[in-house]
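Here's structure-v2.csv, which has CSV, C-alpha atoms and all ligand atoms:
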chain,number,residue,atom,x,y,z
A,1,MET,CA,11.4,13.5,13.9
A,2,THR,CA,8.8,13.0,11.1
A,3,ASP,CA,5.8,10.8,11.8
A,4,ARG,CA,5.7,7.4,10.1
A,5,VAL,CA,3.0,6.9,7.6
A,6,VAL,CA,0.3,4.3,8.5
A,7,LEU,CA,-1.6,2.7,5.7
A,8,HIS,CA,-4.9,1.3,6.8
A,9,GLN,CA,-6.1,-1.5,4.6
A,10,PHE,CA,-7.1,-5.1,4.2
A,11,ARG,CA,-4.6,-7.9,5.0
A,12,ALA,CA,-2.6,-9.4,2.1
A,13,PHE,CA,-4.7,-12.2,0.5
A,14,TRP,CA,-4.1,-15.0,-2.1
A,15,GLY,CA,-0.5,-14.1,-2.5
A,16,LEU,CA,-1.5,-10.6,-3.7
A,17,PRO,CA,-0.2,-7.6,-1.7
A,18,ASN,CA,-3.9,-6.6,-1.4
A,19,ALA,CA,-7.2,-8.0,-2.7
A,20,SER,CA,-8.4,-4.4,-2.8
A,21,PRO,CA,-7.0,-2.8,-6.0
A,22,TYR,CA,-7.4,0.7,-4.4
A,23,CYS,CA,-5.2,-0.4,-1.4
A,24,MET,CA,-2.7,-2.0,-3.7
A,25,LYS,CA,-2.6,1.2,-5.8
A,26,VAL,CA,-1.6,3.2,-2.8
A,27,GLU,CA,0.9,0.7,-1.5
A,28,THR,CA,2.5,0.4,-5.0
A,29,TYR,CA,2.9,4.2,-4.9
A,30,LEU,CA,4.4,4.2,-1.4
A,31,ARG,CA,6.9,1.5,-2.5
A,32,TRP,CA,7.8,3.3,-5.7
A,33,ALA,CA,8.3,6.6,-3.9
A,34,ARG,CA,10.3,4.8,-1.2
A,35,ILE,CA,8.1,6.3,1.6
A,36,ASP,CA,8.5,4.5,4.9
A,37,TYR,CA,5.2,3.2,6.1
A,38,ARG,CA,3.6,0.5,8.2
A,39,ILE,CA,0.3,-1.3,7.6
A,40,GLU,CA,-2.6,-1.4,10.0
A,41,ILE,CA,-5.1,-4.0,9.1
A,42,CYS,CA,-8.5,-2.3,8.9
A,43,ASP,CA,-12.1,-2.9,8.2
A,44,PRO,CA,-13.7,-0.3,5.9
A,45,ARG,CA,-16.3,0.4,8.7
A,46,ARG,CA,-13.4,1.9,10.8
A,47,SER,CA,-12.5,4.3,8.1
A,48,PRO,CA,-13.7,8.0,8.3
A,49,SER,CA,-15.0,7.6,4.7
A,50,GLY,CA,-16.4,4.1,5.2
A,51,GLN,CA,-13.9,2.9,2.6
A,52,ILE,CA,-10.3,1.8,2.6
A,53,PRO,CA,-7.5,2.6,2.0
A,54,PHE,CA,-6.8,5.6,4.2
A,55,ILE,CA,-3.6,6.8,5.7
A,56,THR,CA,-2.7,8.6,8.9
A,57,VAL,CA,0.4,10.7,9.3
A,58,GLY,CA,0.7,12.2,12.8
A,59,SER,CA,-2.6,13.9,13.4
A,60,GLU,CA,-3.6,14.0,9.7
A,61,THR,CA,-5.9,11.5,8.0
A,62,ILE,CA,-6.3,11.2,4.3
A,63,THR,CA,-8.9,9.1,2.6
A,64,ASP,CA,-9.3,8.0,-1.1
A,65,SER,CA,-6.5,6.4,-3.0
A,66,GLN,CA,-6.0,9.2,-5.5
A,67,ARG,CA,-6.1,11.9,-2.8
A,68,ILE,CA,-3.4,10.0,-0.9
A,69,ILE,CA,-1.1,9.9,-3.9
A,70,GLU,CA,-1.7,13.6,-4.6
A,71,TYR,CA,-0.9,14.4,-0.9
A,72,PHE,CA,2.5,12.7,-1.1
A,73,GLU,CA,3.1,14.1,-4.6
A,74,SER,CA,2.5,17.7,-3.4
A,75,GLN,CA,5.1,17.1,-0.7
A,76,ARG,CA,7.6,15.6,-3.2
A,77,GLY,CA,7.1,18.5,-5.7
A,78,GLY,CA,4.8,16.4,-8.0
A,79,SER,CA,7.6,14.3,-9.5
A,80,LEU,CA,5.4,11.7,-11.1
A,81,ASP,CA,3.2,13.7,-13.4
A,82,GLN,CA,4.7,17.2,-13.4
A,83,SER,CA,6.3,17.0,-16.8
A,84,LEU,CA,3.0,16.0,-18.4
A,85,SER,CA,1.0,18.7,-20.3
A,86,LYS,CA,-2.5,19.6,-19.1
A,87,ASP,CA,-4.0,17.7,-22.0
A,88,ARG,CA,-2.1,14.5,-21.1
A,89,ARG,CA,-3.1,14.8,-17.4
A,90,SER,CA,-6.7,15.1,-18.5
A,91,GLU,CA,-6.3,12.0,-20.7
A,92,ALA,CA,-4.8,10.1,-17.7
A,93,TRP,CA,-7.7,11.2,-15.5
A,94,PHE,CA,-10.3,10.0,-17.9
A,95,VAL,CA,-8.5,6.7,-18.5
A,96,ARG,CA,-8.0,6.1,-14.8
A,97,THR,CA,-11.5,6.9,-13.6
A,98,ARG,CA,-13.1,4.9,-16.3
A,99,VAL,CA,-10.9,1.9,-15.9
A,100,GLU,CA,-11.2,1.9,-12.1
A,101,GLU,CA,-15.0,2.1,-12.3
A,102,VAL,CA,-15.3,-0.9,-14.7
A,103,LEU,CA,-12.6,-3.1,-13.4
A,104,TYR,CA,-13.6,-2.5,-9.7
A,105,TRP,CA,-16.9,-4.1,-10.5
A,106,GLN,CA,-15.3,-6.8,-12.6
A,107,ILE,CA,-13.0,-7.8,-9.8
A,108,THR,CA,-15.9,-7.7,-7.3
A,109,TYR,CA,-17.9,-9.9,-9.7
A,110,MET,CA,-14.9,-12.4,-10.0
A,111,ARG,CA,-15.1,-13.0,-6.3
A,112,TRP,CA,-18.7,-12.5,-5.2
A,113,GLY,CA,-20.8,-12.9,-8.4
A,114,ASP,CA,-19.2,-15.5,-10.7
A,115,PRO,CA,-20.4,-18.9,-9.1
A,116,GLN,CA,-17.0,-20.5,-9.6
A,117,GLY,CA,-15.2,-17.5,-8.3
A,118,TRP,CA,-17.4,-17.4,-5.2
A,119,ALA,CA,-16.8,-21.2,-4.6
A,120,CYS,CA,-13.0,-20.4,-4.6
A,121,PHE,CA,-13.2,-17.2,-2.6
A,122,LEU,CA,-15.6,-18.2,0.1
A,123,PRO,CA,-13.5,-20.8,1.9
A,124,ASP,CA,-10.4,-18.6,1.8
A,125,LEU,CA,-12.3,-15.6,3.1
A,126,LYS,CA,-13.8,-17.7,5.9
A,127,GLN,CA,-10.3,-18.7,7.2
A,128,TYR,CA,-10.0,-15.1,8.4
A,129,LEU,CA,-13.3,-15.0,10.2
A,130,SER,CA,-14.5,-16.7,13.3
A,131,GLY,CA,-17.8,-17.2,15.3
A,132,TRP,CA,-20.9,-15.5,14.0
A,133,LYS,CA,-18.9,-13.5,11.5
A,134,ARG,CA,-17.8,-16.6,9.8
A,135,ALA,CA,-21.3,-18.0,9.7
A,136,VAL,CA,-23.1,-15.0,8.3
A,137,LEU,CA,-20.9,-12.1,7.2
A,138,PRO,CA,-19.8,-13.3,3.8
A,139,TYR,CA,-23.4,-14.2,2.9
A,140,MET,CA,-24.7,-10.8,4.1
A,141,ILE,CA,-22.1,-8.9,2.1
A,142,ARG,CA,-22.8,-11.1,-0.9
A,143,ILE,CA,-26.5,-10.2,-0.9
A,144,GLN,CA,-25.7,-6.5,-0.8
A,145,LEU,CA,-23.1,-6.8,-3.5
A,146,LEU,CA,-25.3,-8.9,-5.8
A,147,ARG,CA,-27.9,-6.1,-5.6
A,148,GLN,CA,-25.2,-3.5,-6.5
A,149,MET,CA,-23.8,-5.7,-9.2
A,150,ARG,CA,-27.2,-6.0,-10.9
A,151,ARG,CA,-27.1,-2.3,-11.6
A,152,HIS,CA,-23.9,-2.9,-13.6
A,153,ASP,CA,-25.4,-5.8,-15.5
A,154,LEU,CA,-23.4,-8.3,-13.6
A,155,THR,CA,-25.3,-11.4,-12.6
A,156,PRO,CA,-24.3,-15.0,-11.6
A,157,ARG,CA,-26.8,-16.3,-14.3
A,158,ASP,CA,-24.8,-14.8,-17.2
A,159,VAL,CA,-21.1,-15.2,-16.5
A,160,THR,CA,-20.0,-14.6,-20.1
A,161,GLY,CA,-22.1,-11.5,-20.5
A,162,SER,CA,-21.0,-10.2,-17.1
A,163,TYR,CA,-17.3,-10.3,-18.1
A,164,ALA,CA,-17.9,-8.6,-21.5
A,165,SER,CA,-17.3,-5.0,-20.2
A,166,GLY,CA,-14.0,-6.2,-18.6
A,167,VAL,CA,-12.9,-7.9,-21.8
A,168,ARG,CA,-13.5,-4.6,-23.7
A,169,VAL,CA,-11.6,-2.6,-21.2
A,170,LEU,CA,-8.6,-5.0,-21.3
A,171,ASP,CA,-8.6,-4.8,-25.1
A,172,GLN,CA,-8.7,-1.0,-25.0
A,173,LEU,CA,-5.9,-0.9,-22.4
A,174,SER,CA,-3.8,-3.3,-24.6
A,175,HIS,CA,-4.3,-1.0,-27.6
A,176,TYR,CA,-3.5,2.1,-25.5
A,177,LEU,CA,-0.3,0.6,-24.1
A,178,ALA,CA,0.8,-0.6,-27.5
A,179,ASP,CA,4.6,-1.1,-27.3
A,180,LYS,CA,5.3,1.6,-24.7
A,181,PRO,CA,6.9,0.5,-21.4
A,182,PHE,CA,4.3,2.5,-19.3
A,183,PHE,CA,0.8,3.7,-20.1
A,184,MET,CA,1.8,7.3,-20.7
A,185,GLY,CA,5.0,6.6,-22.4
A,186,GLU,CA,8.6,6.1,-21.4
A,187,GLN,CA,8.2,7.1,-17.8
A,188,ILE,CA,6.1,5.7,-15.0
A,189,ARG,CA,3.2,8.0,-14.0
A,190,SER,CA,0.6,8.0,-11.3
A,191,LEU,CA,-1.7,6.3,-13.8
A,192,ASP,CA,0.5,3.2,-13.7
A,193,MET,CA,0.1,2.9,-9.9
A,194,SER,CA,-3.6,2.4,-10.5
A,195,LEU,CA,-3.7,0.4,-13.6
A,196,TYR,CA,-1.1,-2.1,-12.4
A,197,ALA,CA,-2.9,-2.7,-9.1
A,198,PHE,CA,-6.2,-3.4,-11.0
A,199,LEU,CA,-4.5,-5.6,-13.6
A,200,ALA,CA,-2.6,-7.6,-10.9
A,201,ASN,CA,-5.9,-8.3,-9.1
A,202,ILE,CA,-7.2,-9.9,-12.3
A,203,ILE,CA,-4.1,-11.7,-13.4
A,204,ASP,CA,-2.4,-12.8,-10.1
A,205,GLN,CA,-5.3,-14.5,-8.4
A,206,PRO,CA,-6.1,-18.2,-8.2
A,207,HIS,CA,-9.5,-18.3,-9.8
A,208,THR,CA,-9.3,-18.9,-13.5
A,209,ASN,CA,-12.1,-17.1,-15.3
A,210,ARG,CA,-12.9,-15.7,-18.7
A,211,LEU,CA,-11.5,-12.2,-17.8
A,212,GLN,CA,-8.2,-13.6,-16.5
A,213,GLU,CA,-7.9,-15.9,-19.5
A,214,HIS,CA,-8.4,-13.0,-21.8
A,215,ALA,CA,-5.9,-10.9,-20.0
A,216,ARG,CA,-3.3,-13.6,-20.4
A,217,THR,CA,-3.7,-13.5,-24.2
A,218,LEU,CA,-2.7,-9.8,-24.2
A,219,ASP,CA,1.1,-10.1,-24.3
A,220,ASN,CA,1.9,-6.4,-23.9
A,221,LEU,CA,-0.3,-6.2,-20.8
A,222,MET,CA,1.3,-9.3,-19.3
A,223,ALA,CA,4.8,-7.9,-20.0
A,224,TYR,CA,3.8,-4.6,-18.4
A,225,CYS,CA,2.6,-6.3,-15.3
A,226,THR,CA,5.8,-8.4,-15.0
A,227,ARG,CA,7.8,-5.2,-15.4
A,228,MET,CA,5.8,-3.3,-12.7
A,229,LYS,CA,6.0,-6.3,-10.4
A,230,GLN,CA,9.8,-6.6,-10.9
A,231,ASP,CA,10.4,-2.9,-10.5
A,232,ILE,CA,8.3,-2.3,-7.5
A,233,TRP,CA,7.3,-5.5,-5.7
A,234,SER,CA,10.2,-7.9,-6.3
A,235,ASP,CA,11.4,-7.8,-2.7
A,236,TRP,CA,7.9,-8.2,-1.2
A,237,VAL,CA,7.3,-11.3,0.8
A,238,ALA,CA,3.7,-12.4,1.5
A,239,PRO,CA,3.2,-12.1,5.3
A,240,THR,CA,2.6,-15.4,7.1
A,241,ARG,CA,-0.8,-15.7,8.7
A,242,SER,CA,-1.0,-14.5,12.3
A,301,LIG,N1,-12.6,6.1,-4.3
A,301,LIG,C1,-12.0,5.2,-3.3
A,301,LIG,C2,-12.6,3.8,-3.4
A,301,LIG,C3,-12.1,2.8,-2.4
A,301,LIG,C4,-13.0,1.6,-2.3
A,301,LIG,O1,-13.9,1.4,-3.1
A,301,LIG,N2,-12.7,0.7,-1.3
A,301,LIG,C5,-13.4,-0.5,-1.1
A,301,LIG,C6,-12.5,-1.7,-0.9
A,301,LIG,S1,-11.8,-2.1,-2.5
A,301,LIG,C7,-14.2,-0.3,0.2
A,301,LIG,O2,-13.7,0.2,1.2
A,301,LIG,N3,-15.5,-0.8,0.2
A,301,LIG,C8,-16.3,-0.8,1.3
A,301,LIG,C9,-17.6,0.0,1.0
A,301,LIG,O3,-17.7,0.7,0.0
A,301,LIG,O4,-18.5,-0.2,1.9
A,301,LIG,C10,-10.5,5.2,-3.4
A,301,LIG,O5,-10.0,5.4,-4.5
A,301,LIG,O6,-9.8,4.9,-2.4

What would the structure in this file look like if it were written as structure tokens?
Amino acid sequence: MTDRVVLHQFRAFWGLPNASPYCMKVETYLRWARIDYRIEICDPRRSPSGQIPFITVGSETITDSQRIIEYFESQRGGSLDQSLSKDRRSEAWFVRTRVEEVLYWQITYMRWGDPQGWACFLPDLKQYLSGWKRAVLPYMIRIQLLRQMRRHDLTPRDVTGSYASGVRVLDQLSHYLADKPFFMGEQIRSLDMSLYAFLANIIDQPHTNRLQEHARTLDNLMAYCTRMKQDIWSDWVAPTRS
């Protein structure tokens, strides 16, 4: 009997499968590949790398979203990207790593840095915390994140300026996607697992902001997200709170 895959990640939040785009990327892949898995709610501090997602399969532990996808792809014979040339794979690597870097901090800013986003996020986050954690943890994390965000030119004092890099990335992504069904062409590729998860975390969340508004003007990106959601997530039901 083969061991069941366990995906260690945050709980579903705000009607999104995951508020961590990296976790949602892995889960999008597992669903697309029809790999049987169960979720274990996890705090990053319990991860061997200090970050989530990670997966366990029997005695094996694999950290990092991209390494996890590569692990399953090697077992499946690399079905997602194997027909891509080396040049196209390099292109996908550059697009993915750059977009993940910029949009990760944009999504972090949307929740922890943008004053209106923080006002929307804080009460919902607190619902999942109790005791001292509820009283201090969000504020402690915010202080750390504000320090890190400053290094990326993201500050609560300049909301418009802070979203500028995200707006640029969305424009470039819209241009790159053009009228193709998926980012690399006619077929879904590993790049789509990542880009969809990051875009969904901007578009499908309750706080309206400049970045989300801009995303909603980019018709091809919106149609792409709808397609990915329908193809991979249409049978997903948000878990009820325990
Ligand atoms: N390169 C990692 C990045 C994962 C990551 O940044 N995870 C965040 C949650 S979205 C995390 O665990 N942050 C906690 C921390 O860095 O302390 C991956 O692709 O899995």

Test item: residues at most 10 Å from region 203-218 of chain A, only C-alpha atoms, excluding those fewer than 6 positions along its chain, as a PyMOL selection string: chain A and resi 13-16+19+106-107+110-111+114+116-121+159-160+162-168+170-171+173-175+225

Atom-to-atom span, CA of Asp36 (chain A) and CA of Gln9 (chain A), Å: 15.8 Å

Local residues around (-6.3, -2.8, -9.2), at most 12 Å away, using all atoms listed in the file, as a PyMOL selection string: chain A and resi 16-28+65+96-97+99-108+191-205+225

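Residues with any atom within 9 Å of the point (11.1, 8.3, -9.3), counting only C-alpha atoms, are Trp32, Ala33, Arg34, Ser79, Leu80 and Ile188 of chain A.
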
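When all atoms listed in the file are used to measure the gap to Ser47 (chain A), the shortest distance among A:Leu30, A:Val95, A:Leu7, A:Leu154 belongs to A:Leu7.
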
10 Å contact set for Arg189 (chain A), all atoms listed in the file, chain neighbours under 4 positions out, as a PDB file with C-alpha atoms, keeping the file's coordinate frame:
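Output below, filename part.pdb:
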ATOM      1  CA  TYR A  29       2.900   4.200  -4.900  1.00  0.00           C
ATOM      2  CA  SER A  79       7.600  14.300  -9.500  1.00  0.00           C
ATOM      3  CA  LEU A  80       5.400  11.700 -11.100  1.00  0.00           C
ATOM      4  CA  ASP A  81       3.200  13.700 -13.400  1.00  0.00           C
ATOM      5  CA  GLN A  82       4.700  17.200 -13.400  1.00  0.00           C
ATOM      6  CA  SER A  83       6.300  17.000 -16.800  1.00  0.00           C
ATOM      7  CA  LEU A  84       3.000  16.000 -18.400  1.00  0.00           C
ATOM      8  CA  ARG A  89      -3.100  14.800 -17.400  1.00  0.00           C
ATOM      9  CA  ALA A  92      -4.800  10.100 -17.700  1.00  0.00           C
ATOM     10  CA  PHE A 182       4.300   2.500 -19.300  1.00  0.00           C
ATOM     11  CA  PHE A 183       0.800   3.700 -20.100  1.00  0.00           C
ATOM     12  CA  MET A 184       1.800   7.300 -20.700  1.00  0.00           C
ATOM     13  CA  GLY A 185       5.000   6.600 -22.400  1.00  0.00           C
ATOM     14  CA  MET A 193       0.100   2.900  -9.900  1.00  0.00           C
ATOM     15  CA  SER A 194      -3.600   2.400 -10.500  1.00  0.00           C
TER      16      SER A 194
END

Can you take the partial region 140-166 of chain A, add N, CA, C and O atoms, and return it as a PDB file, keeping the file's coordinate frame?
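Once everything was written out, this is result30.pdb:
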ATOM      1  N   MET A 140     -24.060 -12.118   4.005  1.00  0.00           N
ATOM      2  CA  MET A 140     -24.700 -10.800   4.100  1.00  0.00           C
ATOM      3  C   MET A 140     -24.088  -9.836   3.079  1.00  0.00           C
ATOM      4  O   MET A 140     -24.768  -9.117   2.358  1.00  0.00           O
ATOM      5  N   ILE A 141     -22.758  -9.842   3.059  1.00  0.00           N
ATOM      6  CA  ILE A 141     -22.100  -8.900   2.100  1.00  0.00           C
ATOM      7  C   ILE A 141     -22.415  -9.301   0.693  1.00  0.00           C
ATOM      8  O   ILE A 141     -22.663  -8.453  -0.148  1.00  0.00           O
ATOM      9  N   ARG A 142     -22.478 -10.613   0.448  1.00  0.00           N
ATOM     10  CA  ARG A 142     -22.800 -11.100  -0.900  1.00  0.00           C
ATOM     11  C   ARG A 142     -24.139 -10.580  -1.399  1.00  0.00           C
ATOM     12  O   ARG A 142     -24.299 -10.136  -2.532  1.00  0.00           O
ATOM     13  N   ILE A 143     -25.113 -10.659  -0.504  1.00  0.00           N
ATOM     14  CA  ILE A 143     -26.500 -10.200  -0.900  1.00  0.00           C
ATOM     15  C   ILE A 143     -26.436  -8.744  -1.291  1.00  0.00           C
ATOM     16  O   ILE A 143     -26.976  -8.340  -2.322  1.00  0.00           O
ATOM     17  N   GLN A 144     -25.757  -7.938  -0.482  1.00  0.00           N
ATOM     18  CA  GLN A 144     -25.700  -6.500  -0.800  1.00  0.00           C
ATOM     19  C   GLN A 144     -24.943  -6.275  -2.123  1.00  0.00           C
ATOM     20  O   GLN A 144     -25.360  -5.472  -2.959  1.00  0.00           O
ATOM     21  N   LEU A 145     -23.837  -6.996  -2.293  1.00  0.00           N
ATOM     22  CA  LEU A 145     -23.100  -6.800  -3.500  1.00  0.00           C
ATOM     23  C   LEU A 145     -23.785  -7.271  -4.760  1.00  0.00           C
ATOM     24  O   LEU A 145     -23.713  -6.644  -5.814  1.00  0.00           O
ATOM     25  N   LEU A 146     -24.519  -8.391  -4.638  1.00  0.00           N
ATOM     26  CA  LEU A 146     -25.300  -8.900  -5.800  1.00  0.00           C
ATOM     27  C   LEU A 146     -26.276  -7.843  -6.260  1.00  0.00           C
ATOM     28  O   LEU A 146     -26.487  -7.629  -7.451  1.00  0.00           O
ATOM     29  N   ARG A 147     -26.891  -7.166  -5.263  1.00  0.00           N
ATOM     30  CA  ARG A 147     -27.900  -6.100  -5.600  1.00  0.00           C
ATOM     31  C   ARG A 147     -27.154  -4.975  -6.343  1.00  0.00           C
ATOM     32  O   ARG A 147     -27.640  -4.483  -7.345  1.00  0.00           O
ATOM     33  N   GLN A 148     -25.982  -4.575  -5.827  1.00  0.00           N
ATOM     34  CA  GLN A 148     -25.200  -3.500  -6.500  1.00  0.00           C
ATOM     35  C   GLN A 148     -24.752  -3.919  -7.871  1.00  0.00           C
ATOM     36  O   GLN A 148     -24.762  -3.143  -8.823  1.00  0.00           O
ATOM     37  N   MET A 149     -24.318  -5.185  -7.972  1.00  0.00           N
ATOM     38  CA  MET A 149     -23.800  -5.700  -9.200  1.00  0.00           C
ATOM     39  C   MET A 149     -24.831  -5.707 -10.342  1.00  0.00           C
ATOM     40  O   MET A 149     -24.548  -5.470 -11.502  1.00  0.00           O
ATOM     41  N   ARG A 150     -26.077  -5.993  -9.921  1.00  0.00           N
ATOM     42  CA  ARG A 150     -27.200  -6.000 -10.900  1.00  0.00           C
ATOM     43  C   ARG A 150     -27.279  -4.725 -11.659  1.00  0.00           C
ATOM     44  O   ARG A 150     -27.559  -4.695 -12.843  1.00  0.00           O
ATOM     45  N   ARG A 151     -27.022  -3.617 -10.946  1.00  0.00           N
ATOM     46  CA  ARG A 151     -27.100  -2.300 -11.600  1.00  0.00           C
ATOM     47  C   ARG A 151     -26.004  -2.096 -12.627  1.00  0.00           C
ATOM     48  O   ARG A 151     -26.040  -1.180 -13.422  1.00  0.00           O
ATOM     49  N   HIS A 152     -24.972  -2.935 -12.558  1.00  0.00           N
ATOM     50  CA  HIS A 152     -23.900  -2.900 -13.600  1.00  0.00           C
ATOM     51  C   HIS A 152     -24.000  -4.008 -14.559  1.00  0.00           C
ATOM     52  O   HIS A 152     -23.024  -4.347 -15.230  1.00  0.00           O
ATOM     53  N   ASP A 153     -25.187  -4.628 -14.626  1.00  0.00           N
ATOM     54  CA  ASP A 153     -25.400  -5.800 -15.500  1.00  0.00           C
ATOM     55  C   ASP A 153     -24.523  -6.959 -15.249  1.00  0.00           C
ATOM     56  O   ASP A 153     -24.110  -7.678 -16.163  1.00  0.00           O
ATOM     57  N   LEU A 154     -24.208  -7.165 -13.985  1.00  0.00           N
ATOM     58  CA  LEU A 154     -23.400  -8.300 -13.600  1.00  0.00           C
ATOM     59  C   LEU A 154     -24.247  -9.275 -12.801  1.00  0.00           C
ATOM     60  O   LEU A 154     -24.775  -8.884 -11.753  1.00  0.00           O
ATOM     61  N   THR A 155     -24.385 -10.479 -13.297  1.00  0.00           N
ATOM     62  CA  THR A 155     -25.300 -11.400 -12.600  1.00  0.00           C
ATOM     63  C   THR A 155     -24.675 -12.853 -12.673  1.00  0.00           C
ATOM     64  O   THR A 155     -24.107 -13.241 -13.700  1.00  0.00           O
ATOM     65  N   PRO A 156     -24.845 -13.629 -11.604  1.00  0.00           N
ATOM     66  CA  PRO A 156     -24.300 -15.000 -11.600  1.00  0.00           C
ATOM     67  C   PRO A 156     -24.920 -15.847 -12.726  1.00  0.00           C
ATOM     68  O   PRO A 156     -24.334 -16.837 -13.145  1.00  0.00           O
ATOM     69  N   ARG A 157     -26.094 -15.459 -13.225  1.00  0.00           N
ATOM     70  CA  ARG A 157     -26.800 -16.300 -14.300  1.00  0.00           C
ATOM     71  C   ARG A 157     -26.116 -16.108 -15.639  1.00  0.00           C
ATOM     72  O   ARG A 157     -26.311 -16.924 -16.525  1.00  0.00           O
ATOM     73  N   ASP A 158     -25.362 -15.014 -15.846  1.00  0.00           N
ATOM     74  CA  ASP A 158     -24.800 -14.800 -17.200  1.00  0.00           C
ATOM     75  C   ASP A 158     -23.294 -14.406 -17.003  1.00  0.00           C
ATOM     76  O   ASP A 158     -22.922 -13.237 -17.035  1.00  0.00           O
ATOM     77  N   VAL A 159     -22.491 -15.444 -16.830  1.00  0.00           N
ATOM     78  CA  VAL A 159     -21.100 -15.200 -16.500  1.00  0.00           C
ATOM     79  C   VAL A 159     -20.374 -14.581 -17.747  1.00  0.00           C
ATOM     80  O   VAL A 159     -19.649 -13.592 -17.613  1.00  0.00           O
ATOM     81  N   THR A 160     -20.621 -15.126 -18.926  1.00  0.00           N
ATOM     82  CA  THR A 160     -20.000 -14.600 -20.100  1.00  0.00           C
ATOM     83  C   THR A 160     -20.341 -13.144 -20.357  1.00  0.00           C
ATOM     84  O   THR A 160     -19.480 -12.283 -20.570  1.00  0.00           O
ATOM     85  N   GLY A 161     -21.631 -12.860 -20.291  1.00  0.00           N
ATOM     86  CA  GLY A 161     -22.100 -11.500 -20.500  1.00  0.00           C
ATOM     87  C   GLY A 161     -21.557 -10.555 -19.420  1.00  0.00           C
ATOM     88  O   GLY A 161     -21.238  -9.390 -19.687  1.00  0.00           O
ATOM     89  N   SER A 162     -21.420 -11.058 -18.201  1.00  0.00           N
ATOM     90  CA  SER A 162     -21.000 -10.200 -17.100  1.00  0.00           C
ATOM     91  C   SER A 162     -19.494  -9.800 -17.301  1.00  0.00           C
ATOM     92  O   SER A 162     -19.095  -8.714 -16.881  1.00  0.00           O
ATOM     93  N   TYR A 163     -18.700 -10.661 -17.931  1.00  0.00           N
ATOM     94  CA  TYR A 163     -17.300 -10.300 -18.100  1.00  0.00           C
ATOM     95  C   TYR A 163     -17.059  -9.473 -19.407  1.00  0.00           C
ATOM     96  O   TYR A 163     -15.935  -9.060 -19.677  1.00  0.00           O
ATOM     97  N   ALA A 164     -18.128  -9.229 -20.161  1.00  0.00           N
ATOM     98  CA  ALA A 164     -17.900  -8.600 -21.500  1.00  0.00           C
ATOM     99  C   ALA A 164     -17.337  -7.161 -21.316  1.00  0.00           C
ATOM    100  O   ALA A 164     -16.447  -6.775 -22.085  1.00  0.00           O
ATOM    101  N   SER A 165     -17.791  -6.393 -20.317  1.00  0.00           N
ATOM    102  CA  SER A 165     -17.300  -5.000 -20.200  1.00  0.00           C
ATOM    103  C   SER A 165     -15.785  -5.048 -19.772  1.00  0.00           C
ATOM    104  O   SER A 165     -14.991  -4.213 -20.212  1.00  0.00           O
ATOM    105  N   GLY A 166     -15.410  -6.039 -18.965  1.00  0.00           N
ATOM    106  CA  GLY A 166     -14.000  -6.200 -18.600  1.00  0.00           C
ATOM    107  C   GLY A 166     -13.124  -6.530 -19.735  1.00  0.00           C
ATOM    108  O   GLY A 166     -12.022  -5.991 -19.905  1.00  0.00           O
TER     109      GLY A 166
END
